[in-house]
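S.K.: Below you'll find coords_37.txt; it's compact mmCIF, N, CA and C atoms and all ligand atoms.
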```
# COMPACT_ATOMS: atom_id res chain seq x y z
N MET A 1 190.71 166.07 -75.73
CA MET A 1 189.51 165.58 -76.38
C MET A 1 188.60 166.77 -76.71
N THR A 2 188.19 166.86 -77.96
CA THR A 2 187.35 168.00 -78.36
C THR A 2 185.98 167.51 -78.79
N TYR A 3 185.05 168.45 -78.89
CA TYR A 3 183.69 168.15 -79.31
C TYR A 3 183.62 168.21 -80.83
N ASP A 4 183.08 167.16 -81.44
CA ASP A 4 182.92 167.11 -82.90
C ASP A 4 181.44 167.36 -83.23
N PRO A 5 181.12 168.51 -83.82
CA PRO A 5 179.70 168.83 -84.11
C PRO A 5 179.09 167.95 -85.20
N GLY A 6 179.88 167.06 -85.77
CA GLY A 6 179.34 166.13 -86.78
C GLY A 6 178.77 164.86 -86.18
N ASN A 7 178.74 164.74 -84.84
CA ASN A 7 178.22 163.50 -84.23
C ASN A 7 176.70 163.39 -84.43
N ILE A 8 176.20 162.15 -84.32
CA ILE A 8 174.79 161.85 -84.63
C ILE A 8 173.82 162.67 -83.76
N PHE A 9 174.13 162.81 -82.49
CA PHE A 9 173.19 163.51 -81.61
C PHE A 9 173.18 165.01 -81.89
N ALA A 10 174.31 165.57 -82.29
CA ALA A 10 174.34 166.98 -82.71
C ALA A 10 173.46 167.16 -83.94
N LYS A 11 173.48 166.17 -84.83
CA LYS A 11 172.63 166.25 -86.03
C LYS A 11 171.15 166.17 -85.65
N ILE A 12 170.83 165.33 -84.67
CA ILE A 12 169.44 165.26 -84.19
C ILE A 12 169.04 166.62 -83.59
N LEU A 13 169.92 167.22 -82.79
CA LEU A 13 169.62 168.52 -82.18
C LEU A 13 169.39 169.59 -83.23
N ARG A 14 170.13 169.52 -84.33
CA ARG A 14 169.98 170.53 -85.40
C ARG A 14 168.83 170.20 -86.34
N GLY A 15 168.16 169.06 -86.10
CA GLY A 15 167.04 168.67 -86.96
C GLY A 15 167.49 168.07 -88.28
N GLU A 16 168.74 167.69 -88.37
CA GLU A 16 169.27 167.11 -89.62
C GLU A 16 168.99 165.61 -89.70
N LEU A 17 168.74 164.99 -88.55
CA LEU A 17 168.36 163.57 -88.49
C LEU A 17 167.11 163.47 -87.64
N PRO A 18 166.22 162.51 -87.96
CA PRO A 18 164.99 162.37 -87.18
C PRO A 18 165.25 161.66 -85.85
N ALA A 19 164.33 161.87 -84.91
CA ALA A 19 164.39 161.14 -83.63
C ALA A 19 162.98 161.09 -83.07
N HIS A 20 162.72 160.07 -82.28
CA HIS A 20 161.42 159.94 -81.60
C HIS A 20 161.55 160.63 -80.24
N CYS A 21 161.30 161.96 -80.25
CA CYS A 21 161.49 162.75 -79.02
C CYS A 21 160.38 162.48 -78.02
N VAL A 22 160.75 162.47 -76.74
CA VAL A 22 159.75 162.26 -75.69
C VAL A 22 159.68 163.44 -74.73
N TYR A 23 160.74 164.27 -74.72
CA TYR A 23 160.79 165.37 -73.74
C TYR A 23 161.78 166.42 -74.23
N GLU A 24 161.43 167.69 -73.95
CA GLU A 24 162.37 168.78 -74.27
C GLU A 24 162.14 169.92 -73.29
N ASP A 25 163.21 170.55 -72.83
CA ASP A 25 163.10 171.81 -72.11
C ASP A 25 164.22 172.72 -72.59
N ASP A 26 164.48 173.82 -71.87
CA ASP A 26 165.45 174.78 -72.42
C ASP A 26 166.87 174.23 -72.45
N ARG A 27 167.17 173.21 -71.66
CA ARG A 27 168.54 172.68 -71.62
C ARG A 27 168.72 171.29 -72.19
N VAL A 28 167.64 170.48 -72.25
CA VAL A 28 167.83 169.08 -72.64
C VAL A 28 166.79 168.62 -73.66
N VAL A 29 167.15 167.53 -74.35
CA VAL A 29 166.22 166.81 -75.22
C VAL A 29 166.36 165.33 -74.87
N ALA A 30 165.23 164.60 -74.93
CA ALA A 30 165.26 163.15 -74.70
C ALA A 30 164.52 162.46 -75.82
N PHE A 31 165.07 161.35 -76.28
CA PHE A 31 164.46 160.60 -77.39
C PHE A 31 164.75 159.12 -77.21
N LEU A 32 163.97 158.31 -77.92
CA LEU A 32 164.14 156.86 -77.81
C LEU A 32 165.40 156.41 -78.54
N ASP A 33 166.09 155.44 -77.94
CA ASP A 33 167.26 154.81 -78.57
C ASP A 33 166.76 153.91 -79.70
N ILE A 34 167.36 154.02 -80.89
CA ILE A 34 166.88 153.19 -82.01
C ILE A 34 167.33 151.74 -81.89
N MET A 35 168.31 151.50 -81.02
CA MET A 35 168.75 150.12 -80.76
C MET A 35 168.61 149.84 -79.26
N PRO A 36 167.35 149.76 -78.80
CA PRO A 36 167.10 149.71 -77.36
C PRO A 36 167.61 148.44 -76.70
N ARG A 37 168.16 148.62 -75.53
CA ARG A 37 168.62 147.45 -74.76
C ARG A 37 167.45 146.82 -74.02
N ALA A 38 166.34 147.58 -73.90
CA ALA A 38 165.07 147.07 -73.37
C ALA A 38 163.99 148.00 -73.90
N THR A 39 162.75 147.55 -73.86
CA THR A 39 161.63 148.36 -74.35
C THR A 39 161.57 149.70 -73.62
N GLY A 40 161.49 150.78 -74.41
CA GLY A 40 161.34 152.10 -73.81
C GLY A 40 162.64 152.79 -73.44
N HIS A 41 163.77 152.28 -73.93
CA HIS A 41 165.11 152.83 -73.65
C HIS A 41 165.22 154.25 -74.20
N VAL A 42 165.47 155.21 -73.30
CA VAL A 42 165.53 156.63 -73.65
C VAL A 42 166.96 157.15 -73.47
N LEU A 43 167.34 158.09 -74.33
CA LEU A 43 168.61 158.82 -74.19
C LEU A 43 168.30 160.27 -73.86
N VAL A 44 168.94 160.80 -72.82
CA VAL A 44 168.77 162.20 -72.44
C VAL A 44 170.06 162.93 -72.74
N ILE A 45 169.96 164.03 -73.48
CA ILE A 45 171.18 164.77 -73.85
C ILE A 45 171.02 166.25 -73.55
N PRO A 46 172.13 166.94 -73.23
CA PRO A 46 172.06 168.40 -73.10
C PRO A 46 172.01 169.03 -74.49
N LYS A 47 171.35 170.19 -74.60
CA LYS A 47 171.36 170.90 -75.88
C LYS A 47 172.74 171.53 -76.15
N ALA A 48 173.41 171.95 -75.09
CA ALA A 48 174.73 172.55 -75.26
C ALA A 48 175.73 171.47 -75.68
N PRO A 49 176.66 171.82 -76.55
CA PRO A 49 177.64 170.82 -76.96
C PRO A 49 178.53 170.39 -75.81
N SER A 50 178.54 169.10 -75.50
CA SER A 50 179.53 168.58 -74.57
C SER A 50 179.79 167.14 -74.97
N ARG A 51 181.04 166.76 -74.89
CA ARG A 51 181.46 165.44 -75.36
C ARG A 51 180.98 164.34 -74.41
N ASN A 52 181.13 164.62 -73.11
CA ASN A 52 180.73 163.63 -72.10
C ASN A 52 180.83 164.24 -70.70
N LEU A 53 180.80 163.39 -69.69
CA LEU A 53 180.85 163.84 -68.29
C LEU A 53 182.08 164.70 -68.00
N LEU A 54 183.13 164.50 -68.75
CA LEU A 54 184.41 165.13 -68.43
C LEU A 54 184.45 166.61 -68.80
N ASP A 55 183.56 167.05 -69.72
CA ASP A 55 183.60 168.46 -70.11
C ASP A 55 182.26 169.18 -69.94
N VAL A 56 181.21 168.47 -69.51
CA VAL A 56 179.89 169.10 -69.43
C VAL A 56 179.85 170.17 -68.34
N GLU A 57 179.10 171.26 -68.61
CA GLU A 57 178.87 172.28 -67.58
C GLU A 57 177.98 171.68 -66.50
N PRO A 58 178.29 171.94 -65.22
CA PRO A 58 177.50 171.35 -64.13
C PRO A 58 175.99 171.63 -64.23
N ASP A 59 175.61 172.82 -64.68
CA ASP A 59 174.17 173.12 -64.79
C ASP A 59 173.50 172.26 -65.85
N ASP A 60 174.21 171.97 -66.93
CA ASP A 60 173.66 171.09 -67.96
C ASP A 60 173.56 169.66 -67.44
N LEU A 61 174.57 169.24 -66.68
CA LEU A 61 174.55 167.90 -66.10
C LEU A 61 173.36 167.76 -65.13
N ALA A 62 173.14 168.81 -64.35
CA ALA A 62 172.02 168.78 -63.39
C ALA A 62 170.69 168.71 -64.14
N ALA A 63 170.59 169.43 -65.25
CA ALA A 63 169.34 169.41 -66.04
C ALA A 63 169.12 168.03 -66.66
N VAL A 64 170.19 167.40 -67.11
CA VAL A 64 170.08 166.04 -67.66
C VAL A 64 169.62 165.08 -66.57
N ALA A 65 170.18 165.21 -65.38
CA ALA A 65 169.80 164.32 -64.27
C ALA A 65 168.34 164.51 -63.89
N ALA A 66 167.89 165.78 -63.84
CA ALA A 66 166.49 166.05 -63.48
C ALA A 66 165.55 165.48 -64.53
N ALA A 67 165.92 165.62 -65.81
CA ALA A 67 165.07 165.07 -66.88
C ALA A 67 165.07 163.54 -66.80
N ALA A 68 166.22 162.95 -66.52
CA ALA A 68 166.29 161.49 -66.41
C ALA A 68 165.34 160.99 -65.32
N GLN A 69 165.26 161.74 -64.22
CA GLN A 69 164.36 161.33 -63.14
C GLN A 69 162.90 161.41 -63.59
N ARG A 70 162.54 162.49 -64.27
CA ARG A 70 161.15 162.63 -64.77
C ARG A 70 160.82 161.50 -65.73
N ILE A 71 161.74 161.21 -66.62
CA ILE A 71 161.51 160.17 -67.62
C ILE A 71 161.42 158.80 -66.95
N ALA A 72 162.28 158.55 -65.98
CA ALA A 72 162.25 157.26 -65.27
C ALA A 72 160.89 157.04 -64.61
N ARG A 73 160.38 158.11 -63.99
CA ARG A 73 159.06 157.98 -63.32
C ARG A 73 157.97 157.68 -64.35
N ALA A 74 158.04 158.34 -65.50
CA ALA A 74 157.04 158.08 -66.55
C ALA A 74 157.18 156.66 -67.10
N GLN A 75 158.41 156.21 -67.29
CA GLN A 75 158.63 154.84 -67.81
C GLN A 75 158.07 153.78 -66.87
N MET A 76 158.18 154.02 -65.56
CA MET A 76 157.65 153.04 -64.59
C MET A 76 156.17 152.79 -64.87
N ASP A 77 155.44 153.87 -65.18
CA ASP A 77 154.01 153.76 -65.48
C ASP A 77 153.76 153.20 -66.87
N VAL A 78 154.35 153.86 -67.86
CA VAL A 78 154.02 153.55 -69.27
C VAL A 78 154.40 152.12 -69.63
N PHE A 79 155.52 151.64 -69.13
CA PHE A 79 155.99 150.30 -69.50
C PHE A 79 155.79 149.29 -68.37
N ALA A 80 155.05 149.69 -67.34
CA ALA A 80 154.82 148.83 -66.18
C ALA A 80 156.14 148.21 -65.73
N ALA A 81 157.16 149.09 -65.62
CA ALA A 81 158.50 148.61 -65.27
C ALA A 81 158.59 148.27 -63.79
N ASP A 82 159.53 147.38 -63.48
CA ASP A 82 159.80 147.04 -62.07
C ASP A 82 160.97 147.85 -61.53
N GLY A 83 161.75 148.43 -62.46
CA GLY A 83 162.91 149.22 -62.05
C GLY A 83 163.47 149.97 -63.25
N ILE A 84 164.51 150.74 -62.99
CA ILE A 84 165.14 151.56 -64.04
C ILE A 84 166.66 151.42 -63.91
N THR A 85 167.33 151.27 -65.03
CA THR A 85 168.80 151.28 -65.04
C THR A 85 169.26 152.54 -65.76
N LEU A 86 170.18 153.30 -65.12
CA LEU A 86 170.83 154.43 -65.77
C LEU A 86 172.25 154.02 -66.11
N THR A 87 172.68 154.32 -67.34
CA THR A 87 174.09 154.13 -67.68
C THR A 87 174.57 155.38 -68.41
N GLN A 88 175.86 155.60 -68.35
CA GLN A 88 176.44 156.81 -68.98
C GLN A 88 177.92 156.50 -69.23
N HIS A 89 178.32 156.58 -70.50
CA HIS A 89 179.66 156.13 -70.92
C HIS A 89 180.54 157.31 -71.30
N ASN A 90 181.81 157.22 -70.98
CA ASN A 90 182.74 158.32 -71.23
C ASN A 90 184.01 157.85 -71.91
N GLU A 91 184.20 158.33 -73.13
CA GLU A 91 185.35 157.99 -73.98
C GLU A 91 185.29 156.51 -74.40
N LYS A 92 186.03 156.21 -75.42
CA LYS A 92 186.02 154.87 -76.01
C LYS A 92 186.26 153.80 -74.93
N ALA A 93 187.23 154.06 -74.08
CA ALA A 93 187.57 153.07 -73.05
C ALA A 93 186.43 152.88 -72.05
N GLY A 94 185.55 153.90 -71.96
CA GLY A 94 184.41 153.81 -71.06
C GLY A 94 183.15 153.30 -71.74
N GLY A 95 183.28 152.88 -73.01
CA GLY A 95 182.13 152.31 -73.71
C GLY A 95 181.35 153.31 -74.55
N GLN A 96 181.86 154.56 -74.67
CA GLN A 96 181.12 155.58 -75.42
C GLN A 96 181.29 155.38 -76.93
N GLU A 97 180.13 155.44 -77.64
CA GLU A 97 180.14 155.28 -79.11
C GLU A 97 179.77 156.59 -79.80
N VAL A 98 178.91 157.39 -79.15
CA VAL A 98 178.48 158.67 -79.72
C VAL A 98 179.00 159.77 -78.80
N PHE A 99 179.74 160.73 -79.39
CA PHE A 99 180.49 161.66 -78.56
C PHE A 99 179.78 162.99 -78.37
N HIS A 100 178.53 162.88 -77.90
CA HIS A 100 177.77 164.00 -77.32
C HIS A 100 177.18 163.39 -76.04
N LEU A 101 177.40 164.04 -74.91
CA LEU A 101 176.97 163.47 -73.62
C LEU A 101 175.56 162.91 -73.68
N HIS A 102 175.36 161.72 -73.18
CA HIS A 102 174.01 161.17 -73.08
C HIS A 102 173.93 160.22 -71.90
N VAL A 103 172.73 160.22 -71.29
CA VAL A 103 172.44 159.28 -70.21
C VAL A 103 171.38 158.32 -70.74
N HIS A 104 171.63 157.02 -70.59
CA HIS A 104 170.66 156.00 -70.96
C HIS A 104 169.71 155.80 -69.77
N VAL A 105 168.39 155.85 -70.05
CA VAL A 105 167.39 155.60 -69.01
C VAL A 105 166.58 154.39 -69.51
N ILE A 106 166.77 153.26 -68.82
CA ILE A 106 166.30 151.98 -69.37
C ILE A 106 165.32 151.30 -68.41
N PRO A 107 164.06 151.14 -68.86
CA PRO A 107 163.09 150.42 -68.01
C PRO A 107 163.50 148.95 -67.86
N ARG A 108 163.29 148.42 -66.67
CA ARG A 108 163.68 147.02 -66.41
C ARG A 108 162.50 146.23 -65.86
N HIS A 109 162.47 144.96 -66.23
CA HIS A 109 161.48 144.03 -65.69
C HIS A 109 162.20 142.89 -64.99
N THR A 110 161.64 142.48 -63.89
CA THR A 110 162.27 141.45 -63.08
C THR A 110 162.58 140.21 -63.92
N GLY A 111 163.82 139.77 -63.86
CA GLY A 111 164.21 138.54 -64.55
C GLY A 111 164.54 138.71 -66.02
N VAL A 112 164.42 139.94 -66.56
CA VAL A 112 164.71 140.17 -67.99
C VAL A 112 166.07 140.85 -68.12
N GLU A 113 167.00 140.17 -68.78
CA GLU A 113 168.34 140.74 -68.98
C GLU A 113 168.30 141.82 -70.05
N LEU A 114 169.23 142.77 -69.98
CA LEU A 114 169.38 143.75 -71.06
C LEU A 114 169.88 143.04 -72.32
N ARG A 115 169.42 143.52 -73.51
CA ARG A 115 170.02 143.04 -74.76
C ARG A 115 171.46 143.53 -74.82
N ALA A 116 172.27 142.85 -75.60
CA ALA A 116 173.64 143.34 -75.82
C ALA A 116 173.57 144.68 -76.55
N PRO A 117 174.54 145.59 -76.29
CA PRO A 117 174.53 146.88 -76.98
C PRO A 117 174.52 146.70 -78.51
N LEU A 118 173.72 147.51 -79.20
CA LEU A 118 173.67 147.57 -80.66
C LEU A 118 173.25 146.25 -81.31
N SER A 119 172.57 145.38 -80.55
CA SER A 119 172.25 144.04 -81.07
C SER A 119 170.87 143.96 -81.72
N TYR A 120 170.03 145.00 -81.52
CA TYR A 120 168.64 144.92 -81.95
C TYR A 120 168.18 146.29 -82.39
N LYS A 121 167.61 146.38 -83.60
CA LYS A 121 167.09 147.67 -84.08
C LYS A 121 165.56 147.63 -84.01
N GLU A 122 164.98 148.59 -83.30
CA GLU A 122 163.52 148.61 -83.14
C GLU A 122 162.84 149.16 -84.39
N ALA A 123 161.63 148.66 -84.70
CA ALA A 123 160.85 149.15 -85.84
C ALA A 123 160.41 150.59 -85.57
N PRO A 124 160.49 151.46 -86.59
CA PRO A 124 160.12 152.87 -86.39
C PRO A 124 158.70 153.05 -85.89
N GLU A 125 157.77 152.20 -86.35
CA GLU A 125 156.37 152.38 -85.90
C GLU A 125 156.22 152.01 -84.42
N VAL A 126 157.03 151.09 -83.95
CA VAL A 126 156.99 150.75 -82.52
C VAL A 126 157.55 151.92 -81.71
N LEU A 127 158.67 152.48 -82.18
CA LEU A 127 159.25 153.64 -81.48
C LEU A 127 158.27 154.81 -81.46
N ALA A 128 157.58 155.02 -82.56
CA ALA A 128 156.62 156.14 -82.63
C ALA A 128 155.50 155.95 -81.61
N GLU A 129 155.02 154.73 -81.50
CA GLU A 129 153.93 154.45 -80.56
C GLU A 129 154.41 154.62 -79.11
N GLN A 130 155.62 154.13 -78.83
CA GLN A 130 156.17 154.26 -77.47
C GLN A 130 156.42 155.73 -77.13
N ALA A 131 156.93 156.48 -78.10
CA ALA A 131 157.22 157.90 -77.86
C ALA A 131 155.92 158.65 -77.56
N ALA A 132 154.87 158.33 -78.29
CA ALA A 132 153.59 159.02 -78.06
C ALA A 132 153.09 158.75 -76.64
N ARG A 133 153.22 157.50 -76.19
CA ARG A 133 152.74 157.18 -74.84
C ARG A 133 153.59 157.86 -73.76
N LEU A 134 154.91 157.86 -73.97
CA LEU A 134 155.80 158.50 -72.99
C LEU A 134 155.57 160.01 -72.94
N LYS A 135 155.45 160.61 -74.13
CA LYS A 135 155.21 162.06 -74.22
C LYS A 135 153.93 162.43 -73.46
N ALA A 136 152.89 161.64 -73.67
CA ALA A 136 151.62 161.92 -73.01
C ALA A 136 151.78 161.82 -71.49
N ALA A 137 152.50 160.80 -71.04
CA ALA A 137 152.71 160.63 -69.59
C ALA A 137 153.53 161.80 -69.02
N LEU A 138 154.52 162.26 -69.80
CA LEU A 138 155.38 163.35 -69.33
C LEU A 138 154.66 164.69 -69.36
N ALA A 139 153.70 164.81 -70.24
CA ALA A 139 152.97 166.08 -70.34
C ALA A 139 151.89 166.17 -69.25
N GLY A 140 151.43 165.00 -68.77
CA GLY A 140 150.31 164.98 -67.83
C GLY A 140 150.69 165.25 -66.40
P1 LIG A 201 176.98 154.93 -76.03
O1 LIG A 201 177.64 153.60 -76.21
O2 LIG A 201 177.71 156.02 -76.76
O3 LIG A 201 176.71 155.24 -74.59
O4 LIG A 201 175.55 154.76 -76.67
C1 LIG A 201 175.17 155.28 -77.90
C2 LIG A 201 173.72 154.91 -78.08
O5 LIG A 201 173.22 155.64 -79.19
C3 LIG A 201 173.48 153.42 -78.38
O6 LIG A 201 172.60 152.90 -77.41
C4 LIG A 201 172.85 153.43 -79.77
O7 LIG A 201 171.85 152.45 -79.92
C5 LIG A 201 172.29 154.82 -79.87
N1 LIG A 201 172.20 155.35 -81.21
C6 LIG A 201 173.15 155.28 -82.19
N2 LIG A 201 172.74 155.92 -83.30
C7 LIG A 201 171.51 156.43 -83.02
C8 LIG A 201 170.57 157.20 -83.79
O8 LIG A 201 170.79 157.56 -84.96
N3 LIG A 201 169.41 157.53 -83.16
C9 LIG A 201 169.13 157.15 -81.89
N4 LIG A 201 167.96 157.53 -81.37
N5 LIG A 201 169.99 156.43 -81.14
C10 LIG A 201 171.17 156.07 -81.70
```
Kindly present the structure from the file in structure tokens form.
Ligand code: 5GP

M.R.:
Amino acid sequence: MTYDPGNIFAKILRGELPAHCVYEDDRVVAFLDIMPRATGHVLVIPKAPSRNLLDVEPDDLAAVAAAAQRIARAQMDVFAADGITLTQHNEKAGGQEVFHLHVHVIPRHTGVELRAPLSYKEAPEVLAEQAARLKAALAG
């Protein structure tokens, strides 16, 4: 299995496609999922090219995990969440659709089920407003 630099997240990293970014450091970028399974659903990706868990450098994986924790803590506040679900898919058989490593960080509310994957597209203005609030929480 090889890394294809034509994938959507590689294009976001190169600035060829837009994204509602909420966090960036020297190793990772995080942005809102355009088809969120719940309000405030964030994707955390390494800047270095890696297809998934099976080929990522351990230091990049650690940086993704640390960013996911920071984002989860901010989501608890910003979205008044009751909990957080992390998911991470590897290869087609593992549910992966975009072949650049990403961790889903999803705010949860008691009694609210996740939407089915790819079932709902969020309005850009809603994503922009959510990103601004998350960014502010992460910067503070
Ligand atoms: P996977 O199934 O590979 O773990 O999840 C891929 C995720 O990428 C899905 O949740 C999907 O909604 C999200 N996604 C697909 N295309 C785009 C895009 O162009 N921008 C953003 N922000 N998310 C995307």

S.K.: Give me the residues of chain A that have any atom at most 5 Å from an atom of ligand LIG 201 (chain A); for each, the nearest atom pair and the distance in Å, rounded to one decimal. Use all atoms listed in the file, sort by chain and number, and format it as CSV.

M.R.:
```
residue,atom,partner,partner_atom,distance
A:Leu32,C,A:LIG201,N4,4.0
A:Asp33,CA,A:LIG201,N4,4.0
A:Ile34,N,A:LIG201,N5,3.6
A:Met35,N,A:LIG201,O7,3.8
A:His89,N,A:LIG201,O3,4.6
A:Gly95,C,A:LIG201,O1,4.1
A:Gln96,C,A:LIG201,O2,3.6
A:Glu97,N,A:LIG201,O2,2.6
A:Val98,N,A:LIG201,O2,3.0
```

S.K.: One decimal, in Å: what's the spacing between atom N of A:Thr87 and atom CA of A:His20?

M.R.: 19.0 Å

S.K.: Got a sec to tell me which of chain A DSSP assigns to helix (DSSP H, G or I), as a ChimeraX atom specification?

M.R.: /A:8-13,58-78,92-94,124-139

S.K.: Near A:Ala30, within 6 Å and counting only C-alpha atoms, which residues show up once chain neighbours fewer than 3 positions away are dropped, as a PyMOL selection string?

M.R.: chain A and resi 21-23+43-44

S.K.: Please produce an output containing N, CA and C atoms for each residue in the selection, written as a compact mmCIF listing (two decimals), keeping the file's coordinate frame.

M.R.:
```
# COMPACT_ATOMS: atom_id res chain seq x y z
N CYS A 21 161.30 161.96 -80.25
CA CYS A 21 161.49 162.75 -79.02
C CYS A 21 160.38 162.48 -78.02
N VAL A 22 160.75 162.47 -76.74
CA VAL A 22 159.75 162.26 -75.69
C VAL A 22 159.68 163.44 -74.73
N TYR A 23 160.74 164.27 -74.72
CA TYR A 23 160.79 165.37 -73.74
C TYR A 23 161.78 166.42 -74.23
N LEU A 43 167.34 158.09 -74.33
CA LEU A 43 168.61 158.82 -74.19
C LEU A 43 168.30 160.27 -73.86
N VAL A 44 168.94 160.80 -72.82
CA VAL A 44 168.77 162.20 -72.44
C VAL A 44 170.06 162.93 -72.74
```

S.K.: Measuring between only C-alpha atoms, which one of A:Pro18, A:Pro58, A:Gly6, A:Gly40 shows the shortest distance to A:Thr85?

M.R.: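 Checking each of A:Pro18, A:Pro58, A:Gly6, A:Gly40 against A:Thr85, counting only C-alpha atoms, the winner is A:Gly40.
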
S.K.: Please indicate the distance in Å from atom CA of A:Arg108 to atom CA of A:Glu125, rounded to one decimal place.

M.R.: 21.5 Å

S.K.: At what distance in Å, to one decimal, does atom N of A:Ala80 lie from atom N of A:Leu138?

M.R.: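 That distance, rounded to one decimal, is 12.8 Å.
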
S.K.: Nearest residue to A:Val28 out of A:Glu129, A:Asp59, A:Glu91, A:Glu113, using only C-alpha atoms?

M.R.: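 Checking each of A:Glu129, A:Asp59, A:Glu91, A:Glu113 against A:Val28, counting only C-alpha atoms, the winner is A:Asp59.
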
S.K.: As an MDAnalysis selection string, please: the residues near A:Arg27 (cut-off 7 Å, only N, CA and C atoms, same-chain neighbours under 3 positions excluded).

M.R.: chainID A and resid 24 45:48 60 63:64

S.K.: Could stretch 16-27 of chain A be completed with N, CA, C and O atoms and returned as a compact mmCIF listing (two decimals), keeping the file's coordinate frame?

M.R.:
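Saved to part.txt:
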```txt
# COMPACT_ATOMS: atom_id res chain seq x y z
N GLU A 16 168.74 167.69 -88.37
CA GLU A 16 169.27 167.11 -89.62
C GLU A 16 168.99 165.61 -89.70
O GLU A 16 169.04 165.02 -90.77
N LEU A 17 168.74 164.99 -88.55
CA LEU A 17 168.36 163.57 -88.49
C LEU A 17 167.11 163.47 -87.64
O LEU A 17 166.95 164.23 -86.68
N PRO A 18 166.22 162.51 -87.96
CA PRO A 18 164.99 162.37 -87.18
C PRO A 18 165.25 161.66 -85.85
O PRO A 18 166.26 160.97 -85.68
N ALA A 19 164.33 161.87 -84.91
CA ALA A 19 164.39 161.14 -83.63
C ALA A 19 162.98 161.09 -83.07
O ALA A 19 162.15 161.96 -83.38
N HIS A 20 162.72 160.07 -82.28
CA HIS A 20 161.42 159.94 -81.60
C HIS A 20 161.55 160.63 -80.24
O HIS A 20 161.85 159.99 -79.23
N CYS A 21 161.30 161.96 -80.25
CA CYS A 21 161.49 162.75 -79.02
C CYS A 21 160.38 162.48 -78.02
O CYS A 21 159.22 162.28 -78.40
N VAL A 22 160.75 162.47 -76.74
CA VAL A 22 159.75 162.26 -75.69
C VAL A 22 159.68 163.44 -74.73
O VAL A 22 158.70 163.60 -74.01
N TYR A 23 160.74 164.27 -74.72
CA TYR A 23 160.79 165.37 -73.74
C TYR A 23 161.78 166.42 -74.23
O TYR A 23 162.81 166.08 -74.82
N GLU A 24 161.43 167.69 -73.95
CA GLU A 24 162.37 168.78 -74.27
C GLU A 24 162.14 169.92 -73.29
O GLU A 24 161.00 170.22 -72.93
N ASP A 25 163.21 170.55 -72.83
CA ASP A 25 163.10 171.81 -72.11
C ASP A 25 164.22 172.72 -72.59
O ASP A 25 164.84 172.44 -73.63
N ASP A 26 164.48 173.82 -71.87
CA ASP A 26 165.45 174.78 -72.42
C ASP A 26 166.87 174.23 -72.45
O ASP A 26 167.69 174.70 -73.23
N ARG A 27 167.17 173.21 -71.66
CA ARG A 27 168.54 172.68 -71.62
C ARG A 27 168.72 171.29 -72.19
O ARG A 27 169.86 170.90 -72.50
```
